[in-house]
file work_30.txt (compact mmCIF, C-alpha atoms)
# COMPACT_ATOMS: atom_id res chain seq x y z
CA MET S 9 -2.82 -99.00 -140.69
CA THR S 10 -5.07 -102.07 -141.08
CA GLY S 11 -7.38 -103.44 -138.38
CA PRO S 12 -5.05 -106.16 -137.06
CA GLU S 13 -2.06 -103.78 -137.16
CA ALA S 14 -3.98 -101.11 -135.27
CA ALA S 15 -5.12 -103.70 -132.71
CA ALA S 16 -1.53 -104.89 -132.28
CA GLU S 17 -0.32 -101.32 -131.80
CA GLU S 18 -3.06 -100.71 -129.27
CA GLU S 19 -2.04 -103.81 -127.33
CA ARG S 20 1.60 -102.81 -127.46
CA ALA S 21 0.79 -99.35 -126.09
CA LEU S 22 -1.28 -100.93 -123.33
CA VAL S 23 1.49 -103.29 -122.30
CA GLU S 24 4.10 -100.53 -122.35
CA ALA S 25 1.87 -98.36 -120.16
CA ALA S 26 1.49 -101.28 -117.74
CA GLN S 27 5.27 -101.67 -117.70
CA ARG S 28 5.60 -98.00 -116.73
CA GLY S 29 3.39 -98.67 -113.72
CA ASP S 30 0.02 -97.53 -115.08
CA ARG S 31 -2.34 -99.63 -112.96
CA GLU S 32 -5.36 -99.06 -115.16
CA ALA S 33 -3.40 -100.37 -118.14
CA LEU S 34 -2.27 -103.33 -116.04
CA GLN S 35 -5.87 -104.10 -115.16
CA ARG S 36 -6.86 -103.97 -118.85
CA VAL S 37 -4.02 -106.34 -119.71
CA LEU S 38 -5.30 -108.77 -117.06
CA ASP S 39 -8.87 -108.44 -118.28
CA ARG S 40 -7.65 -109.29 -121.75
CA VAL S 41 -5.78 -112.46 -120.82
CA ALA S 42 -7.62 -113.87 -117.76
CA ARG S 43 -10.65 -115.44 -119.45
CA PRO S 44 -8.87 -117.32 -122.24
CA LEU S 45 -6.12 -118.34 -119.81
CA TYR S 46 -8.60 -119.91 -117.42
CA ALA S 47 -11.17 -121.39 -119.79
CA ALA S 48 -8.97 -122.47 -122.66
CA VAL S 49 -5.50 -123.10 -121.21
CA ILE S 50 -5.62 -123.96 -117.51
CA LEU S 51 -8.98 -125.65 -116.94
CA PRO S 52 -8.71 -128.10 -119.88
CA ARG S 53 -5.33 -129.21 -118.53
CA ILE S 54 -6.20 -129.36 -114.83
CA GLY S 55 -9.88 -130.29 -114.75
CA ASN S 56 -10.59 -129.22 -111.19
CA PRO S 57 -12.08 -125.68 -111.25
CA ALA S 58 -10.81 -124.74 -107.78
CA ASP S 59 -7.22 -125.73 -108.60
CA ALA S 60 -7.50 -124.01 -111.99
CA GLU S 61 -8.63 -120.78 -110.31
CA ASP S 62 -5.65 -120.88 -107.92
CA ILE S 63 -3.29 -121.38 -110.85
CA LEU S 64 -4.90 -118.52 -112.77
CA ARG S 65 -4.42 -116.17 -109.83
CA ASP S 66 -0.80 -117.25 -109.37
CA ALA S 67 -0.11 -116.86 -113.10
CA LEU S 68 -1.55 -113.35 -113.18
CA LEU S 69 0.36 -112.36 -110.04
CA ARG S 70 3.61 -113.71 -111.40
CA GLY S 71 2.97 -111.94 -114.70
CA MET S 72 2.36 -108.63 -112.93
CA ASP S 73 5.48 -109.03 -110.83
CA ARG S 74 7.59 -109.62 -113.93
CA ILE S 75 5.81 -107.45 -116.47
CA ASP S 76 8.88 -105.20 -116.74
CA THR S 77 10.88 -108.15 -118.10
CA TYR S 78 8.44 -108.76 -120.95
CA ARG S 79 9.73 -107.84 -124.40
CA TRP S 80 7.23 -107.16 -127.14
CA THR S 81 6.84 -109.78 -129.86
CA GLY S 82 4.50 -109.96 -132.83
CA ALA S 83 2.34 -112.49 -130.98
CA GLY S 84 1.37 -110.04 -128.23
CA VAL S 85 1.36 -110.53 -124.48
CA PHE S 86 -1.00 -113.51 -124.24
CA PRO S 87 1.62 -116.17 -125.17
CA TRP S 88 3.87 -114.80 -122.41
CA PHE S 89 1.13 -115.17 -119.79
CA ARG S 90 0.23 -118.52 -121.33
CA GLN S 91 3.77 -119.80 -120.81
CA ILE S 92 3.70 -118.68 -117.18
CA ALA S 93 0.39 -120.51 -116.71
CA VAL S 94 1.65 -123.66 -118.43
CA ASN S 95 4.71 -123.71 -116.15
CA LEU S 96 2.45 -123.42 -113.12
CA VAL S 97 0.23 -126.22 -114.47
CA ILE S 98 3.31 -128.44 -114.75
CA ASP S 99 4.39 -127.55 -111.20
CA HIS S 100 0.91 -128.36 -109.94
CA VAL S 101 0.81 -131.73 -111.69
CA ARG S 102 4.29 -132.59 -110.42
CA LYS S 103 3.15 -131.98 -106.88
CA ARG S 104 0.01 -134.05 -107.31
CA GLN S 105 1.31 -136.99 -109.31
CA ARG S 106 3.08 -139.95 -107.90
CA ARG S 107 6.79 -139.43 -108.09
CA GLY S 108 8.23 -140.23 -111.53
CA ARG S 109 5.03 -141.52 -112.97
CA MET S 110 3.93 -139.43 -115.93
CA GLU S 111 5.30 -135.97 -115.58
CA ASP S 112 7.36 -136.04 -118.75
CA ARG S 113 4.43 -137.04 -120.88
CA PHE S 114 2.21 -134.45 -119.26
CA GLU S 115 4.83 -131.79 -119.80
CA GLN S 116 4.95 -132.67 -123.48
CA HIS S 117 1.21 -132.45 -123.60
CA VAL S 118 0.85 -129.05 -122.00
CA THR S 119 3.67 -127.37 -123.84
CA LEU S 120 3.26 -128.73 -127.37
CA VAL S 121 0.46 -126.51 -128.54
CA ALA S 122 1.88 -123.28 -129.88
CA PRO S 123 -0.32 -120.18 -129.80
CA MET S 124 -1.75 -119.36 -133.20
CA HIS S 125 -3.17 -115.88 -132.83
CA HIS S 126 -1.55 -112.53 -133.52
CA ALA S 127 -0.95 -109.51 -131.31
CA GLY S 128 -4.10 -107.53 -130.70
CA ALA S 129 -6.38 -110.53 -131.19
CA ASP S 130 -9.43 -110.21 -128.97
CA GLU S 131 -10.01 -112.61 -126.13
CA ALA S 132 -12.82 -114.48 -127.93
CA LEU S 133 -10.53 -115.32 -130.84
CA ILE S 134 -7.71 -116.39 -128.53
CA ALA S 135 -10.09 -118.55 -126.48
CA SER S 136 -11.65 -120.18 -129.52
CA GLN S 137 -8.25 -121.03 -131.02
CA GLU S 138 -6.94 -122.41 -127.75
CA ARG S 139 -10.14 -124.39 -127.23
CA ALA S 140 -9.96 -125.78 -130.77
CA ALA S 141 -6.43 -126.99 -130.08
CA ALA S 142 -7.50 -128.59 -126.79
CA GLY S 143 -10.45 -130.24 -128.56
CA GLU S 144 -8.17 -131.64 -131.24
CA MET S 145 -5.90 -133.16 -128.59
CA LEU S 146 -8.85 -134.69 -126.79
CA ARG S 147 -10.31 -136.18 -129.98
CA ALA S 148 -6.95 -137.66 -130.90
CA ALA S 149 -6.79 -139.26 -127.44
CA MET S 150 -10.37 -140.52 -127.70
CA ASP S 151 -9.56 -142.13 -131.04
CA THR S 152 -7.11 -144.45 -129.29
CA LEU S 153 -9.92 -145.99 -127.18
CA ASN S 154 -11.93 -148.98 -128.33
CA ASP S 155 -15.44 -148.16 -129.54
CA ARG S 156 -17.32 -149.16 -126.40
CA TYR S 157 -14.93 -147.39 -124.05
CA ARG S 158 -15.13 -144.24 -126.20
CA ARG S 159 -18.92 -144.48 -126.24
CA ALA S 160 -18.98 -144.78 -122.44
CA VAL S 161 -16.99 -141.53 -122.13
CA GLU S 162 -19.17 -139.75 -124.69
CA LEU S 163 -22.42 -140.84 -123.05
CA ARG S 164 -21.47 -140.07 -119.46
CA LEU S 165 -19.15 -137.06 -119.74
CA ILE S 166 -19.98 -135.33 -123.00
CA GLU S 167 -23.70 -136.06 -123.38
CA GLU S 168 -24.02 -136.05 -119.57
CA ARG S 169 -26.52 -138.92 -119.53
CA SER S 170 -27.33 -140.68 -116.25
CA ARG S 171 -25.43 -143.86 -115.32
CA GLU S 172 -28.62 -145.86 -115.79
CA GLU S 173 -29.12 -144.51 -119.31
CA CYS S 174 -25.49 -145.15 -120.17
CA ALA S 175 -25.69 -148.73 -118.89
CA ALA S 176 -28.88 -149.34 -120.86
CA GLU S 177 -27.35 -147.88 -124.02
CA LEU S 178 -24.35 -150.21 -123.76
CA GLY S 179 -26.54 -153.16 -122.69
CA VAL S 180 -24.71 -153.79 -119.41
CA THR S 181 -25.51 -153.66 -115.70
CA LEU S 182 -24.92 -150.46 -113.76
CA GLY S 183 -21.91 -151.95 -111.96
CA ASN S 184 -20.40 -153.15 -115.20
CA PHE S 185 -20.92 -149.75 -116.81
CA ASP S 186 -18.95 -148.21 -113.93
CA VAL S 187 -16.12 -150.63 -114.66
CA ILE S 188 -16.16 -149.77 -118.39
CA LEU S 189 -16.04 -146.05 -117.63
CA HIS S 190 -13.25 -146.61 -115.10
CA ARG S 191 -11.19 -148.51 -117.68
CA ALA S 192 -12.04 -145.98 -120.40
CA LEU S 193 -10.85 -143.07 -118.26
CA ALA S 194 -7.67 -144.90 -117.27
CA ALA S 195 -6.91 -145.52 -120.96
CA LEU S 196 -7.84 -141.96 -121.88
CA ARG S 197 -5.62 -140.56 -119.15
CA LYS S 198 -2.63 -142.35 -120.64
CA ALA S 199 -3.43 -141.28 -124.20
CA TYR S 200 -4.34 -137.71 -123.21
CA GLY S 201 -1.02 -137.30 -121.47
CA VAL S 202 1.07 -138.21 -124.49
CA ARG S 203 -0.14 -135.55 -126.92
CA MET U 20 -16.20 -161.83 -107.77
CA SER U 21 -19.57 -160.08 -107.90
CA ASP U 22 -22.60 -161.68 -109.48
CA THR U 23 -22.87 -158.70 -111.86
CA ASN U 24 -19.88 -160.25 -113.64
CA ASP U 25 -22.14 -163.05 -114.82
CA ARG U 26 -23.39 -160.53 -117.34
CA TRP U 27 -19.98 -159.21 -118.29
CA ASN U 28 -19.51 -158.66 -122.05
CA PRO U 29 -16.20 -160.21 -123.17
CA ASP U 30 -15.90 -157.37 -125.75
CA ASP U 31 -15.22 -155.07 -122.81
CA GLY U 32 -12.05 -156.90 -121.83
CA PRO U 33 -11.33 -159.39 -119.06
CA PRO U 34 -13.97 -159.65 -116.30
CA PRO U 35 -13.34 -157.20 -113.48
CA THR U 36 -12.11 -158.28 -110.07
CA ASP U 37 -13.97 -157.28 -106.93
CA GLU U 38 -11.23 -154.75 -106.26
CA GLU U 39 -11.71 -153.17 -109.69
CA MET U 40 -15.46 -153.01 -109.24
CA LEU U 41 -14.93 -151.25 -105.94
CA ALA U 42 -12.59 -148.72 -107.55
CA ALA U 43 -15.11 -148.20 -110.37
CA SER U 44 -17.87 -147.61 -107.85
CA ARG U 45 -15.71 -145.06 -106.00
CA LEU U 46 -15.07 -143.25 -109.28
CA ALA U 47 -18.80 -143.23 -110.19
CA GLU U 48 -19.64 -141.74 -106.82
CA ALA U 49 -16.91 -139.11 -107.12
CA LEU U 50 -18.06 -138.10 -110.62
CA ASP U 51 -21.60 -137.66 -109.32
CA LYS U 52 -20.26 -135.17 -106.79
CA GLY U 53 -18.56 -132.99 -109.42
CA ALA U 54 -15.10 -132.08 -108.13
CA PRO U 55 -14.80 -133.80 -104.74
CA THR U 56 -11.80 -133.60 -102.45
CA GLY U 57 -10.16 -136.20 -100.21
CA LEU U 58 -9.97 -138.90 -102.87
CA ASP U 59 -7.28 -141.55 -103.17
CA LEU U 60 -4.61 -140.74 -105.79
CA ASP U 61 -5.89 -143.09 -108.49
CA THR U 62 -9.51 -141.97 -108.24
CA ALA U 63 -8.46 -138.32 -108.12
CA ALA U 64 -6.40 -138.75 -111.29
CA LEU U 65 -9.37 -140.27 -113.15
CA VAL U 66 -11.76 -137.62 -111.87
CA SER U 67 -9.29 -135.01 -113.09
CA THR U 68 -9.26 -136.65 -116.54
CA ALA U 69 -13.07 -136.67 -116.60
CA LEU U 70 -13.18 -132.99 -115.62
CA ARG U 71 -10.69 -132.17 -118.37
CA VAL U 72 -12.98 -133.87 -120.89
CA ARG U 73 -15.93 -131.86 -119.63
CA ALA U 74 -13.95 -128.61 -119.66
CA VAL U 75 -13.09 -129.15 -123.33
CA GLU U 76 -16.35 -130.57 -124.59
CA ARG U 77 -18.89 -128.84 -122.39
CA PRO U 78 -17.34 -125.53 -121.35
CA ASP U 79 -19.47 -123.45 -119.05
CA ALA U 80 -18.72 -120.00 -120.45
CA THR U 81 -20.67 -118.12 -117.80
CA ALA U 82 -18.99 -119.88 -114.89
CA ALA U 83 -15.57 -119.56 -116.56
CA ARG U 84 -16.07 -115.82 -117.09
CA ALA U 85 -17.04 -115.33 -113.44
CA VAL U 86 -14.03 -117.31 -112.20
CA ALA U 87 -11.61 -115.56 -114.55
CA ASP U 88 -12.88 -112.10 -113.58
CA ARG U 89 -12.64 -112.98 -109.89
CA GLY U 90 -9.13 -114.35 -110.42
CA ALA U 91 -8.03 -111.16 -112.18
CA ARG U 92 -9.57 -109.00 -109.46
CA ASP U 93 -7.99 -111.02 -106.65
CA ALA U 94 -4.60 -111.06 -108.34
CA LEU U 95 -4.67 -107.32 -108.86
CA ALA U 96 -5.68 -106.73 -105.23
CA ALA U 97 -2.94 -109.06 -103.97
CA HIS U 98 -0.41 -107.30 -106.18
CA ARG U 99 -1.51 -103.93 -104.85
CA ARG U 100 -1.27 -105.14 -101.24
CA ALA U 101 2.21 -106.50 -101.88
CA TRP U 102 3.26 -103.21 -103.46
CA TRP U 103 1.96 -101.18 -100.50
CA SER U 104 3.55 -103.48 -97.98
CA ARG U 105 6.87 -103.13 -99.79
CA GLY U 106 6.49 -99.35 -100.19
CA PRO U 107 6.17 -98.24 -96.56
CA ARG U 108 8.94 -100.58 -95.48
CA LEU U 109 11.30 -98.95 -97.96
CA ARG U 110 10.16 -95.48 -97.02
CA ILE U 111 10.55 -96.17 -93.28
CA ALA U 112 14.01 -97.67 -93.83
CA ALA U 113 15.09 -94.66 -95.90
CA ALA U 114 13.74 -92.23 -93.29
CA ALA U 115 15.50 -94.15 -90.52
CA VAL U 116 18.78 -94.01 -92.39
CA LEU U 117 18.47 -90.26 -93.01
CA ALA U 118 17.49 -89.57 -89.39
CA ALA U 119 20.29 -91.75 -88.12
CA ALA U 120 22.78 -90.06 -90.42
CA GLY U 121 21.67 -86.58 -89.25
CA ALA U 122 21.57 -87.39 -85.55
CA GLY U 123 24.69 -89.49 -85.71
CA GLY U 124 26.60 -86.81 -87.63
CA GLY U 125 25.60 -84.14 -85.12
CA ALA U 126 26.42 -86.28 -82.13
CA TYR U 127 29.71 -87.28 -83.68
CA LEU U 128 30.77 -83.69 -84.32
CA ALA U 129 29.59 -82.56 -80.87
CA ALA U 130 31.33 -85.36 -79.05
CA ARG U 131 34.40 -85.56 -81.22
CA SER U 132 37.45 -86.07 -78.98
CA PRO U 133 40.73 -87.97 -79.06
CA ALA U 134 38.94 -90.81 -77.27
CA THR U 135 36.46 -91.42 -80.12
CA VAL U 136 36.42 -95.12 -80.97
CA THR U 137 36.19 -96.62 -84.41
CA ALA U 138 33.95 -99.48 -85.45
CA ALA U 139 36.98 -101.72 -85.74
CA GLU U 140 38.05 -101.01 -82.13
CA GLY U 141 34.68 -101.97 -80.62
CA PRO U 142 32.95 -100.65 -77.47
CA ARG U 143 35.63 -102.11 -75.20
CA ALA U 144 37.96 -99.32 -76.30
CA VAL U 145 35.64 -96.75 -74.70
CA PHE U 146 36.24 -98.24 -71.27
CA ASP U 147 39.95 -98.48 -71.81
CA ALA U 148 40.31 -94.90 -73.08
CA PRO U 149 41.63 -92.32 -70.61
CA VAL U 150 39.05 -89.85 -69.32
CA GLU U 151 40.20 -86.33 -70.07
CA PRO U 152 39.19 -83.19 -68.23
CA GLY U 153 35.89 -81.82 -69.48
CA ALA U 154 35.05 -85.00 -71.29
CA GLY U 155 32.90 -86.58 -68.59
CA SER U 156 30.06 -87.48 -70.90
CA ALA U 157 32.29 -88.59 -73.74
CA PRO U 158 32.32 -92.36 -73.09
CA SER U 159 28.53 -92.70 -73.27
CA THR U 160 28.46 -90.53 -76.38
CA HIS U 161 31.11 -92.71 -77.95
CA LEU U 162 29.14 -95.82 -77.10
CA TYR U 163 26.07 -94.31 -78.77
CA ASP U 164 28.14 -93.26 -81.76
CA HIS U 165 29.66 -96.70 -82.12
CA GLY U 166 26.26 -98.34 -81.94
CA LEU U 167 24.94 -96.01 -84.60
CA ARG U 168 27.83 -96.77 -86.93
CA SER U 169 27.30 -100.51 -86.48
CA TYR U 170 23.60 -100.11 -87.18
CA ARG U 171 24.25 -98.13 -90.34
CA ALA U 172 26.92 -100.58 -91.45
CA ALA U 173 24.52 -103.50 -90.96
CA LEU U 174 21.72 -101.71 -92.77
CA LEU U 175 23.63 -100.22 -95.68
CA GLY U 176 26.65 -102.47 -95.87
CA GLY U 177 30.22 -101.39 -95.27
CA ASP U 178 31.45 -98.93 -92.69
CA ARG U 179 29.50 -95.71 -93.28

call {"tool": "encode", "arguments": {"input": "work_30.txt", "output": "structure tokens"}}
result
Amino acid sequence: MTGPEAAAEEERALVEAAQRGDREALQRVLDRVARPLYAAVILPRIGNPADAEDILRDALLRGMDRIDTYRWTGAGVFPWFRQIAVNLVIDHVRKRQRRGRMEDRFEQHVTLVAPMHHAGADEALIASQERAAAGEMLRAAMDTLNDRYRRAVELRLIEERSREECAAELGVTLGNFDVILHRALAALRKAYGVR
Amino acid sequence: MSDTNDRWNPDDGPPPTDEEMLAASRLAEALDKGAPTGLDLDTAALVSTALRVRAVERPDATAARAVADRGARDALAAHRRAWWSRGPRLRIAAAAVLAAAGAGGGAYLAARSPATVTAAEGPRAVFDAPVEPGAGSAPSTHLYDHGLRSYRAALLGGDR
């Protein structure tokens, strides 16, 4: 049996033990999925760490409650937990958004990315693949902004420069930089929701 | 319109209104605070977008690991609490049913008489039934028996 096959078999045995009520196995399943779920699936779609933590906890609880309904697939258990988390993300956004405003687009956005890893993949691989997909979506959204708006987002949020430095870099007053960033984020929000 | 707009670059779009500058200032303040609460809906939505950008582009692996581990621990503890709270309730209910069945069966056999009422007749029948010699305590026993049957029927469904 090759490495990936052995890892997949190991994961399958772990999940089946958890389904039989083995609490240690259940804990190991959670340990395996919690980090990539939070850092690479929930947080990049929610933004607010406190809300993301609540959603993670709810997703894990729901997963544990329904673990006996899970049926093994070649992709392992992570995509199943991921789908639970994505559904909770959608519920959360529906509650927070103004009625009928952008839920459909957001739903498209959060559900479009299919998991790419195989059963038995370790959490680092799962997280890096999920993060790469999230990065690709963000870059595609950033590409829709005009150059100065994109630069404002890069300077302030990605390079984490001070407002004063950002304003100087763009050659505008502090107040006008705030307006540019405000417009840039409004445009990004629309574009980020579509993909 | 603010005097800062005198230096507005037309490449950045139409000059902002005072209202827009105010909203931009609110957003700048909120972003400085990290993940503030109590914001208006529009500002909160933009802060959320900014935080999503940061989460993707500048992930804090150490913080994320700590939060995820705490989340897993809390979820497991909550699941365990829920399981225990369900467990005793089921065990107590089962014990109550068994005790009721034993006590009720014994009482029923001991007090069995022609005046025994059925669940369909109701407690009224006890008072209407003739008192027979030697059956002085029968009505109260029948009342108890009827109550027990109703309880079991409510708990388990059907007339048991």

call {"tool": "residues_around", "arguments": {"input": "work_30.txt", "residues": "region 25-42 of chain S", "least_positions_apart": "5", "cutoff": "8 Å", "atoms": "all atoms listed in the file", "output": "list in words"}}
result
Leu64, Leu68, Met72, Ile75, Asp76, Phe86, Phe89, Asp130 and Glu131 of chain S; Ala87, Asp88, Gly90, Ala91 and Leu95 of chain U

call {"tool": "closest_residue", "arguments": {"input": "work_30.txt", "among": "S:Glu18, S:Glu24, S:Glu13, S:Glu167", "to": "chain U", "atoms": "only C-alpha atoms"}}
result
S:Glu167

call {"tool": "closest_atom_pairs", "arguments": {"input": "work_30.txt", "of": "chain S", "to": "chain U", "cutoff": "7 Å", "atoms": "all atoms listed in the file", "output": "Markdown table"}}
result
| residue | atom | partner | partner_atom | distance |
| --- | --- | --- | --- | --- |
| S:Leu38 | CA | U:Ala91 | CA | 6.1 |
| S:Asp39 | CA | U:Ala91 | CA | 6.7 |
| S:Ala42 | CA | U:Ala87 | CA | 5.4 |
| S:Arg43 | CA | U:Ala87 | CA | 5.0 |
| S:Tyr46 | CA | U:Ala87 | CA | 6.0 |
| S:Ala47 | CA | U:Ala83 | CA | 5.8 |
| S:Leu51 | CA | U:Ala74 | CA | 6.4 |
| S:Pro52 | CA | U:Arg71 | CA | 4.8 |
| S:Arg53 | CA | U:Arg71 | CA | 6.1 |
| S:Ile54 | CA | U:Arg71 | CA | 6.4 |
| S:Gly55 | CA | U:Arg71 | CA | 4.2 |
| S:Asn56 | CA | U:Ala54 | CA | 6.2 |
| S:Glu61 | CA | U:Gly90 | CA | 6.5 |
| S:Leu64 | CA | U:Gly90 | CA | 6.4 |
| S:Arg65 | CA | U:Gly90 | CA | 5.1 |
| S:Leu68 | CA | U:Ala94 | CA | 6.2 |
| S:Leu69 | CA | U:Ala94 | CA | 5.4 |
| S:Arg139 | CA | U:Val75 | CA | 6.8 |
| S:Ala142 | CA | U:Val75 | CA | 6.6 |
| S:Gly143 | CA | U:Val75 | CA | 6.0 |
| S:Leu165 | CA | U:Arg73 | CA | 6.1 |
| S:Ile166 | CA | U:Glu76 | CA | 6.2 |
| S:Thr181 | CA | U:Thr23 | CA | 6.9 |
| S:Gly183 | CA | U:Thr23 | CA | 6.8 |
| S:Asn184 | CA | U:Trp27 | CA | 6.8 |
| S:Asp186 | CA | U:Ala43 | CA | 5.2 |
| S:Val187 | CA | U:Ala43 | CA | 5.0 |
| S:Ile188 | CA | U:Asp31 | CA | 7.0 |
| S:His190 | CA | U:Ala43 | CA | 5.3 |
| S:Leu193 | CA | U:Leu65 | CA | 6.0 |
| S:Ala194 | CA | U:Leu65 | CA | 6.4 |
| S:Arg197 | CA | U:Thr68 | CA | 5.9 |

call {"tool": "write_last_selection", "arguments": {"input": "work_30.txt", "atoms": "C-alpha atoms", "output": "PDB file, in the frame of the given file"}}
result
ATOM      1  CA  LEU S  38      -5.300-108.770-117.060  1.00  0.00           C
ATOM      2  CA  ASP S  39      -8.870-108.440-118.280  1.00  0.00           C
ATOM      3  CA  ALA S  42      -7.620-113.870-117.760  1.00  0.00           C
ATOM      4  CA  ARG S  43     -10.650-115.440-119.450  1.00  0.00           C
ATOM      5  CA  TYR S  46      -8.600-119.910-117.420  1.00  0.00           C
ATOM      6  CA  ALA S  47     -11.170-121.390-119.790  1.00  0.00           C
ATOM      7  CA  LEU S  51      -8.980-125.650-116.940  1.00  0.00           C
ATOM      8  CA  PRO S  52      -8.710-128.100-119.880  1.00  0.00           C
ATOM      9  CA  ARG S  53      -5.330-129.210-118.530  1.00  0.00           C
ATOM     10  CA  ILE S  54      -6.200-129.360-114.830  1.00  0.00           C
ATOM     11  CA  GLY S  55      -9.880-130.290-114.750  1.00  0.00           C
ATOM     12  CA  ASN S  56     -10.590-129.220-111.190  1.00  0.00           C
ATOM     13  CA  GLU S  61      -8.630-120.780-110.310  1.00  0.00           C
ATOM     14  CA  LEU S  64      -4.900-118.520-112.770  1.00  0.00           C
ATOM     15  CA  ARG S  65      -4.420-116.170-109.830  1.00  0.00           C
ATOM     16  CA  LEU S  68      -1.550-113.350-113.180  1.00  0.00           C
ATOM     17  CA  LEU S  69       0.360-112.360-110.040  1.00  0.00           C
ATOM     18  CA  ARG S 139     -10.140-124.390-127.230  1.00  0.00           C
ATOM     19  CA  ALA S 142      -7.500-128.590-126.790  1.00  0.00           C
ATOM     20  CA  GLY S 143     -10.450-130.240-128.560  1.00  0.00           C
ATOM     21  CA  LEU S 165     -19.150-137.060-119.740  1.00  0.00           C
ATOM     22  CA  ILE S 166     -19.980-135.330-123.000  1.00  0.00           C
ATOM     23  CA  THR S 181     -25.510-153.660-115.700  1.00  0.00           C
ATOM     24  CA  GLY S 183     -21.910-151.950-111.960  1.00  0.00           C
ATOM     25  CA  ASN S 184     -20.400-153.150-115.200  1.00  0.00           C
ATOM     26  CA  ASP S 186     -18.950-148.210-113.930  1.00  0.00           C
ATOM     27  CA  VAL S 187     -16.120-150.630-114.660  1.00  0.00           C
ATOM     28  CA  ILE S 188     -16.160-149.770-118.390  1.00  0.00           C
ATOM     29  CA  HIS S 190     -13.250-146.610-115.100  1.00  0.00           C
ATOM     30  CA  LEU S 193     -10.850-143.070-118.260  1.00  0.00           C
ATOM     31  CA  ALA S 194      -7.670-144.900-117.270  1.00  0.00           C
ATOM     32  CA  ARG S 197      -5.620-140.560-119.150  1.00  0.00           C
TER      33      ARG S 197
END

call {"tool": "atom_distance", "arguments": {"input": "work_30.txt", "atom1": "CA of Val101 (chain S)", "atom2": "CA of Ala67 (chain S)"}}
result
15.0 Å

call {"tool": "atom_distance", "arguments": {"input": "work_30.txt", "atom1": "CA of Gly57 (chain U)", "atom2": "CA of Ile98 (chain S)"}}
result
21.3 Å

call {"tool": "atom_distance", "arguments": {"input": "work_30.txt", "atom1": "CA of Thr152 (chain S)", "atom2": "CA of Asp59 (chain S)"}}
result
27.9 Å

call {"tool": "residues_near_point", "arguments": {"input": "work_30.txt", "point": "(-21.8, -148.3, -122.7)", "cutoff": "7 Å", "atoms": "all atoms listed in the file", "output": "PyMOL selection string"}}
result
chain S and resi 156+159-160+174-175+177-179+185
